[in-house]
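Here's the structure, in structure tokens; my notes come after.
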Amino acid sequence: RENITLNILAKHCGKTFIIDRSDEGTVVDELMQRVRVKAPDHETPVGNLSGGNQQKVVIARWLNHKCQVLIFDEPTRGIDVGAKAEIYRLMRALTDLGISIIMISSELPEVVGVSDRVAVFRQGQIVKILGGVDVNPNEIMRYATGGARDDQHH
């Protein structure tokens with residue numbers, strides 16, 4: 001509960017500045033259900049959850065904040081294959097709702113599998129932005145390794 005509402009506790013306070021635990025719990029339960037956190041209840045310590053469910057708690061925290069752009073930095077590092085699929089499903093559902101996602105990943109299959117557009121960096125600079133059918137391992141690696149030059153990127 002606390003991990004999900006940490007960034008907007010004031011939203012759950014009345015005029016007395018006391019947190020309305022009932023209101024907070026209702027919101028947390030809805031968010032946990034929305035992102036499919038598997039936990040006995042919203043009071044379960046995050047440290048007792050699997051890596052994938054810990055990631056979902058972090059996502060729920062920012063959904064509670066009503067963000068329009070989310071940055072996912074290595075979102076599936078250290079979690080099992082099933083949890084990865086859940087994170088990907090959740091990311092797609094968020095983009096379907098109009099939330100933009102910037103994903104940073106060093107895993108090429110992950111980049112290709114979930115991205116609509118890819119900004120390829122080399123030596124700290126964007127060398128190419130790929131979209132559509134160009135989002136494939138060969139094109140990404142061609143630009144990432146310097147096998148192609150393209151000074152005109154969008």
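Order determines the names: the first chain of the structure tokens is A, the second B, and so forth; residues in each chain are numbered 1 upward, and ligands are numbered 1 upward as they are shown.
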Contact residues around range 91-94 of chain A with only C-alpha atoms at 12 Å, ignoring same-chain residues under 2 positions, as a PyMOL selection string: chain A and resi 34-35+55-56+59-60+62-63+66-72+75-76+84-89+96-103+113-116
Residue set, chain A restricted to alpha helix (DSSP H), as a ChimeraX atom specification: /A:2-5,21-35,51-64,81-96,108-114,137-144
Residues within 12 Å of range 37-46 of chain A, only C-alpha atoms, excluding chain neighbours under 6 positions, as a list in words: Arg1, Glu2, Asn3, Ile4, Thr5, Arg21, Ser22, Glu24, Gly25, Thr26, Val27, Val28, Asp29, Glu30, Leu31, Gly52, Asn53, Gln54, Gln55, Lys56, Val57, Val58, Ile59, Ala60, Arg61, Ala83, Glu86, Ile87 and Leu90 of chain A
Residue contacts of Gly132 in chain A (9 Å, only C-alpha atoms) excluding same-chain residues fewer than 3 positions away, as a list in words: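 Neighbouring residues, sequence-local ones excluded: Asp116, Arg117, Val135 and Asn136 of chain A.
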For the residues in that selection, give me N, CA and C atoms as a PDB file, in the first residue's frame.
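Saved the output as out27.pdb:
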```pdb
ATOM      1  N   ASP A 116       7.544   0.376 -30.959  1.00  0.00           N
ATOM      2  CA  ASP A 116       6.981   0.914 -32.200  1.00  0.00           C
ATOM      3  C   ASP A 116       8.047   1.688 -32.965  1.00  0.00           C
ATOM      4  N   ARG A 117       8.910   2.366 -32.207  1.00  0.00           N
ATOM      5  CA  ARG A 117      10.037   3.114 -32.774  1.00  0.00           C
ATOM      6  C   ARG A 117      11.247   2.889 -31.886  1.00  0.00           C
ATOM      7  N   VAL A 135      12.283  -1.791 -37.520  1.00  0.00           N
ATOM      8  CA  VAL A 135      12.587  -2.173 -36.136  1.00  0.00           C
ATOM      9  C   VAL A 135      12.849  -3.677 -36.148  1.00  0.00           C
ATOM     10  N   ASN A 136      14.083  -4.019 -36.478  1.00  0.00           N
ATOM     11  CA  ASN A 136      14.493  -5.422 -36.512  1.00  0.00           C
ATOM     12  C   ASN A 136      15.955  -5.490 -36.079  1.00  0.00           C
TER      13      ASN A 136
END
```
Top pick for closest residue to Gly131 in chain A, considering A:Val118, A:Ile104, A:Val111, A:Ile79 and counting only C-alpha atoms: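 Of the candidates, the smallest distance to Gly131 in chain A is held by A:Val118.
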Sel. of strand (DSSP E or B) residues, chain A, as a list in words: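 So the strand (DSSP E or B) residues in chain A would be Cys13, Ile19, Val69, Leu70, Ile71, Phe72, Asp73, Ser100, Ile101, Ile102, Met103, Ile104, Arg117, Val118, Ala119, Val120, Phe121, Arg122, Gln125, Ile126, Val127, Lys128, Ile129, Leu130 and Gly131 of chain A.
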Can you pull out the residues contacting Gly146 in chain A? Cut-off 12 Å, using only C-alpha atoms, and skip same-chain residues under 6 positions away; I want them as a compact mmCIF listing (two decimals) with N, CA and C atoms, in the first residue's frame.
```
# COMPACT_ATOMS: atom_id res chain seq x y z
N VAL A 120 18.38 4.54 -32.04
CA VAL A 120 19.63 3.80 -31.92
C VAL A 120 20.72 4.80 -31.52
N PHE A 121 21.41 4.50 -30.43
CA PHE A 121 22.49 5.34 -29.93
C PHE A 121 23.83 4.69 -30.23
N ARG A 122 24.81 5.51 -30.52
CA ARG A 122 26.19 5.07 -30.63
C ARG A 122 27.06 6.19 -30.09
N GLN A 123 27.92 5.87 -29.16
CA GLN A 123 28.81 6.84 -28.53
C GLN A 123 28.04 8.05 -27.97
N GLN A 125 25.21 9.37 -28.84
CA GLN A 125 24.44 10.17 -29.79
C GLN A 125 23.41 9.30 -30.51
N ILE A 126 22.26 9.89 -30.80
CA ILE A 126 21.28 9.18 -31.63
C ILE A 126 21.80 9.18 -33.06
N VAL A 127 21.93 7.98 -33.63
CA VAL A 127 22.40 7.88 -35.01
C VAL A 127 21.28 7.54 -35.98
N LYS A 128 20.17 7.02 -35.45
CA LYS A 128 19.06 6.67 -36.34
C LYS A 128 17.82 6.41 -35.50
N GLU A 139 18.82 -4.13 -38.59
CA GLU A 139 18.89 -2.67 -38.77
C GLU A 139 19.41 -1.99 -37.50
N ILE A 140 18.92 -2.42 -36.37
CA ILE A 140 19.37 -1.82 -35.11
C ILE A 140 20.88 -2.01 -34.95
```
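Our summary of the geometry notes that CA of Val112 in chain A is positioned 10.5 Å from CA of Leu130 in chain A.
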CA of Gly51 in chain A to CA of Asp73 in chain A, straight-line distance in Å: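 Atom-to-atom, CA of Asp73 in chain A and CA of Gly51 in chain A are spaced 14.6 Å apart.
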